[in-house]
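To start, the structure under review is shown below, and the notes come after it.
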Amino acid sequence: MYRSIETECVQAGYSPANGEPRVLPIIQSTTFAYDTPEEMGELFDLKKEGFFYTRLSNPTSDGLERKITALEGGSGAMAVSSGMSATTIAILTLAGAGDNFISVSTIYGGTYNLFNITLRRLGIDCRFVSNDSSEEDIEKLIDDKTRAIFIETIANPAGVVADFEKFSAIARRYGIVLITDNTIATPVLCRPVELGANVVVHSSTKYLDGHATSVGGLIVDGGNFEYAGNPRYPLFNEPDNSYHGLVFASVGAAAFITRARTVINRDIGAVMAPQNAFLTNLGIETLHLRMPKHSSNALALAKSIAVHPAVEWVKYASLEGDADHTRALKYLRAGQAAGMVSFGIKGGREGAAKFQKALKLFRIVTHIADARSCVLHPASTTHRQLSDDDLAAAGVPVNLIRLSVGIEGEEDILADVTEALDASLR
């Protein structure tokens, strides 16, 4: 609708009519009243737009959904209770027991566990590959039950930038849905739909909210995948007895998000609360201002610590010489890689503990990607359930420190980390 993503961050999703609230209001109601049963029936049959129960849709959540749809360039979206629920619902919308999907292994630890343990228990097999696996090796894992390919734009915490060209080419060749987790990059730095993704998921808890106030997730339908007649997706091409016999492929560009909402989330109930939708929408209004600052602070810090004697290696795609620098320039806006810097500290677990205890500005929290700088040692926290072999496969060695660089002053950020690194050597 608008010419710039900056304006979309501020204005998209909600446009008040004459005399209505200027700011997207919080509609804190579970239900919505109608005068006739016929009107309600038309809502259930998707013949009419509107709201009847907040588990399926709510005016406040709808404003947020319209905003992220505009930002990602999709056909529709759904707000859910967390980033993990967004990923889970995205997979379950496409796959059931006996099906499989492919995922890169360098993904967030919680997602890795979901794919490797929980979904396998439900009969859905995940086949892991490296971001750098050859097309031939990836194609060997594809069969007629393969329902999706999953990648992260910027892997958390490995910092790897997805090879969109390769994965989107494979997905197109085999008629498979490409799902991209765009949490770390956000649509300000990368729009995966323009790079071949068909579905985009977010942990809106991170940069979209931006202030560590609201747990949430978002799923965006790219509207660019043809389900009709595709034998991989019988769930979209056969009448669904759980929803009035609807053939979801007939919905067209919004087929995926319609099934995700009316079947999967209707039954699972992972709904985002209106209050959280309001706060997330408010956070997105400054997303275009925050992401460049996160990125510039992170780049300055990465350059600084790269030469520190306590640091063995630094992973930040915006750094010249980084293995993913070329992909960062190719896929990320102005090569900006957001605010996550990973590095290897000398001394392993002991060195990591000494470093974290010496920090003052950076606080130890199980979080990333908000206005305040924070730190985490994944091997002993978010990834502690993984074996050493799984840690290596996920790109999370034992000495990896993840820094989430905030929007404070650059000199304060550099001083805090430098002093803590000095302390780790003593």
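So you can find residues: chains in the structure tokens are A, B, ... in the order shown, residues in each start at 1, and ligands are numbered from 1 in order.
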Which parts of segment 149-380 of chain A does DSSP call helix (DSSP H, G or I) when run on the backbone here, written out as JSON, numbers by chain?
-> {"A": [164, 165, 166, 167, 168, 169, 170, 171, 172, 173, 174, 186, 187, 188, 189, 192, 193, 194, 195, 234, 235, 236, 237, 248, 249, 250, 251, 255, 256, 257, 258, 259, 260, 261, 262, 263, 264, 265, 266, 267, 268, 274, 275, 276, 277, 278, 279, 280, 281, 282, 283, 284, 287, 288, 289, 290, 291, 292, 293, 294, 295, 296, 297, 298, 299, 300, 301, 302, 303, 304, 305, 325, 326, 327, 328, 329, 330, 331, 333, 334, 335, 348, 349, 350, 351, 352, 353, 354, 355, 356, 357, 358, 378, 379, 380]}
Selection above as a file: C-alpha atoms, as an mmCIF file, in the first residue's frame:
data_model
loop_
_atom_site.group_PDB
_atom_site.id
_atom_site.type_symbol
_atom_site.label_atom_id
_atom_site.label_comp_id
_atom_site.auth_asym_id
_atom_site.auth_seq_id
_atom_site.Cartn_x
_atom_site.Cartn_y
_atom_site.Cartn_z
ATOM 1 C CA PHE A 164 17.902 -18.553 -0.222
ATOM 2 C CA GLU A 165 18.879 -19.121 -3.823
ATOM 3 C CA LYS A 166 19.682 -22.783 -3.242
ATOM 4 C CA PHE A 167 16.787 -23.706 -0.971
ATOM 5 C CA SER A 168 14.152 -21.815 -2.949
ATOM 6 C CA ALA A 169 15.360 -23.444 -6.172
ATOM 7 C CA ILE A 170 15.003 -26.913 -4.652
ATOM 8 C CA ALA A 171 11.580 -26.057 -3.223
ATOM 9 C CA ARG A 172 10.326 -24.821 -6.603
ATOM 10 C CA ARG A 173 11.771 -27.794 -8.462
ATOM 11 C CA TYR A 174 9.950 -30.309 -6.281
ATOM 12 C CA THR A 186 12.809 -8.933 10.570
ATOM 13 C CA PRO A 187 11.175 -7.649 7.381
ATOM 14 C CA VAL A 188 13.118 -4.398 7.772
ATOM 15 C CA LEU A 189 16.354 -6.219 6.904
ATOM 16 C CA PRO A 192 11.946 -13.776 2.472
ATOM 17 C CA VAL A 193 8.843 -13.924 0.237
ATOM 18 C CA GLU A 194 10.754 -11.867 -2.325
ATOM 19 C CA LEU A 195 13.547 -14.449 -2.108
ATOM 20 C CA PRO A 234 -3.845 -33.796 -0.066
ATOM 21 C CA LEU A 235 -4.851 -31.817 3.047
ATOM 22 C CA PHE A 236 -5.442 -28.860 0.728
ATOM 23 C CA ASN A 237 -6.967 -30.736 -2.195
ATOM 24 C CA PHE A 248 -8.616 -25.278 1.123
ATOM 25 C CA ALA A 249 -6.814 -25.041 -2.214
ATOM 26 C CA SER A 250 -9.968 -23.358 -3.518
ATOM 27 C CA VAL A 251 -9.334 -20.409 -1.190
ATOM 28 C CA ALA A 255 -5.064 -21.178 1.376
ATOM 29 C CA PHE A 256 -2.250 -21.833 3.841
ATOM 30 C CA ILE A 257 -3.151 -19.248 6.457
ATOM 31 C CA THR A 258 -6.846 -20.135 6.206
ATOM 32 C CA ARG A 259 -6.158 -23.776 7.024
ATOM 33 C CA ALA A 260 -3.694 -22.794 9.744
ATOM 34 C CA ARG A 261 -6.355 -20.655 11.422
ATOM 35 C CA THR A 262 -9.569 -22.607 10.898
ATOM 36 C CA VAL A 263 -8.213 -26.117 11.481
ATOM 37 C CA ILE A 264 -4.904 -26.212 13.341
ATOM 38 C CA ASN A 265 -5.109 -23.203 15.643
ATOM 39 C CA ARG A 266 -8.845 -23.644 16.089
ATOM 40 C CA ASP A 267 -8.028 -27.017 17.684
ATOM 41 C CA ILE A 268 -4.726 -26.157 19.395
ATOM 42 C CA PRO A 274 -5.247 -8.787 22.524
ATOM 43 C CA GLN A 275 -3.002 -6.967 25.024
ATOM 44 C CA ASN A 276 0.094 -8.637 23.554
ATOM 45 C CA ALA A 277 -1.069 -7.899 20.014
ATOM 46 C CA PHE A 278 -1.461 -4.235 20.984
ATOM 47 C CA LEU A 279 2.044 -4.057 22.484
ATOM 48 C CA THR A 280 3.616 -5.903 19.560
ATOM 49 C CA ASN A 281 1.962 -3.575 17.063
ATOM 50 C CA LEU A 282 3.223 -0.616 19.083
ATOM 51 C CA GLY A 283 6.748 -2.034 19.038
ATOM 52 C CA ILE A 284 6.742 -2.498 15.271
ATOM 53 C CA LEU A 287 11.186 -1.270 14.111
ATOM 54 C CA HIS A 288 12.624 0.639 11.140
ATOM 55 C CA LEU A 289 14.487 2.940 13.544
ATOM 56 C CA ARG A 290 15.750 0.243 15.874
ATOM 57 C CA MET A 291 17.112 -2.322 13.416
ATOM 58 C CA PRO A 292 19.790 -0.067 11.862
ATOM 59 C CA LYS A 293 20.931 0.954 15.373
ATOM 60 C CA HIS A 294 21.069 -2.654 16.567
ATOM 61 C CA SER A 295 23.068 -3.500 13.447
ATOM 62 C CA SER A 296 25.554 -0.614 13.679
ATOM 63 C CA ASN A 297 26.194 -1.246 17.377
ATOM 64 C CA ALA A 298 26.677 -4.950 16.724
ATOM 65 C CA LEU A 299 29.105 -4.373 13.867
ATOM 66 C CA ALA A 300 31.188 -1.978 15.975
ATOM 67 C CA LEU A 301 31.292 -4.533 18.790
ATOM 68 C CA ALA A 302 32.163 -7.415 16.470
ATOM 69 C CA LYS A 303 35.082 -5.459 15.047
ATOM 70 C CA SER A 304 36.262 -4.545 18.526
ATOM 71 C CA ILE A 305 36.230 -7.993 20.116
ATOM 72 C CA HIS A 325 29.403 -11.911 4.434
ATOM 73 C CA THR A 326 28.639 -12.368 0.735
ATOM 74 C CA ARG A 327 25.192 -13.761 1.555
ATOM 75 C CA ALA A 328 24.597 -10.893 3.983
ATOM 76 C CA LEU A 329 25.280 -8.386 1.221
ATOM 77 C CA LYS A 330 23.075 -10.369 -1.156
ATOM 78 C CA TYR A 331 20.044 -11.017 1.048
ATOM 79 C CA ARG A 333 19.265 -4.805 3.520
ATOM 80 C CA ALA A 334 22.573 -2.906 3.187
ATOM 81 C CA GLY A 335 24.286 -6.028 4.540
ATOM 82 C CA GLY A 348 35.397 -22.851 27.546
ATOM 83 C CA ARG A 349 32.634 -23.057 30.146
ATOM 84 C CA GLU A 350 34.796 -21.544 32.894
ATOM 85 C CA GLY A 351 35.812 -18.618 30.705
ATOM 86 C CA ALA A 352 32.191 -18.092 29.684
ATOM 87 C CA ALA A 353 31.057 -17.954 33.313
ATOM 88 C CA LYS A 354 33.790 -15.477 34.325
ATOM 89 C CA PHE A 355 32.965 -13.238 31.366
ATOM 90 C CA GLN A 356 29.243 -13.131 32.096
ATOM 91 C CA LYS A 357 29.737 -12.412 35.787
ATOM 92 C CA ALA A 358 31.957 -9.429 34.953
ATOM 93 C CA PRO A 378 23.611 -21.306 24.982
ATOM 94 C CA ALA A 379 25.419 -24.567 25.792
ATOM 95 C CA SER A 380 24.495 -24.222 29.467
#
Can you tell me, as a PyMOL selection string, what residues are no more than 12 Å from Ile345 of chain A when counting only C-alpha atoms, ignoring any on the same chain fewer than 6 positions away?
-> chain A and resi 305-306+308-315+351-356+377+397-403+417+420-422+424-425
From the list A:His244, A:Cys126, A:Ser103, A:Ile151, which residue is nearest Glu42 of chain A when using only C-alpha atoms?
->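 Of A:His244, A:Cys126, A:Ser103, A:Ile151, the one nearest Glu42 of chain A is A:His244, counting only C-alpha atoms.
Atom pair atom CA of Thr118 of chain A / atom CA of Arg191 of chain A has a distance of 29.2 Å (rounded to one decimal).
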Å distance separating atom CA of Ser203 of chain A from atom CA of Val129 of chain A, one decimal place =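 A separation of 22.6 Å between them.
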One decimal, Å: what's the distance from atom CA of Pro239 of chain A over to atom CA of Ala254 of chain A, could you say?
->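 About the pair atom CA of Pro239 of chain A and atom CA of Ala254 of chain A: they are 16.6 Å apart.
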Shell around Gly76 of chain A at 8 Å using only C-alpha atoms, local window under 5 positions removed, as number ranges by chain | A: 65-66, 69, 220-223, 254, 257
Counting only C-alpha atoms, figure out which residue out of A:Asp181, A:Glu72, A:Asp62, A:Glu6 gets nearest to Val104 of chain A.
->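 Closest candidate: A:Asp181.
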As a list in words, list the residues of segment 96-165 of chain A assigned to strand (DSSP E or B) by DSSP on the backbone atoms of this structure.
->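 Assigned to strand (DSSP E or B), within segment 96-165 of chain A: Asn100, Phe101, Ile102, Ser103, Val104, Asp125, Cys126, Arg127, Phe128, Val129, Thr146, Arg147, Ala148, Ile149, Phe150, Ile151, Glu152, Ile154 and Val161 of chain A.
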Go ahead and save the picked residues with C-alpha atoms, as a JSON list (two decimals), in the first residue's frame.
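Contents of again.json, as written:
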[["chain", "number", "residue", "atom", "x", "y", "z"],
["A", 100, "ASN", "CA", 8.47, -35.62, 6.66],
["A", 101, "PHE", "CA", 10.18, -32.29, 6.13],
["A", 102, "ILE", "CA", 13.72, -30.99, 5.70],
["A", 103, "SER", "CA", 15.39, -28.45, 7.99],
["A", 104, "VAL", "CA", 18.79, -26.90, 8.28],
["A", 125, "ASP", "CA", 10.09, -36.99, 10.56],
["A", 126, "CYS", "CA", 12.62, -34.16, 10.26],
["A", 127, "ARG", "CA", 15.61, -34.68, 7.99],
["A", 128, "PHE", "CA", 18.42, -32.31, 8.92],
["A", 129, "VAL", "CA", 20.88, -30.81, 6.45],
["A", 146, "THR", "CA", 8.21, -34.42, 2.00],
["A", 147, "ARG", "CA", 5.94, -31.50, 2.88],
["A", 148, "ALA", "CA", 8.27, -28.57, 3.67],
["A", 149, "ILE", "CA", 11.78, -27.16, 3.80],
["A", 150, "PHE", "CA", 12.60, -25.03, 6.85],
["A", 151, "ILE", "CA", 15.36, -22.40, 7.13],
["A", 152, "GLU", "CA", 16.22, -19.40, 9.32],
["A", 154, "ILE", "CA", 19.82, -15.56, 10.32],
["A", 161, "VAL", "CA", 22.70, -16.54, 6.77]]
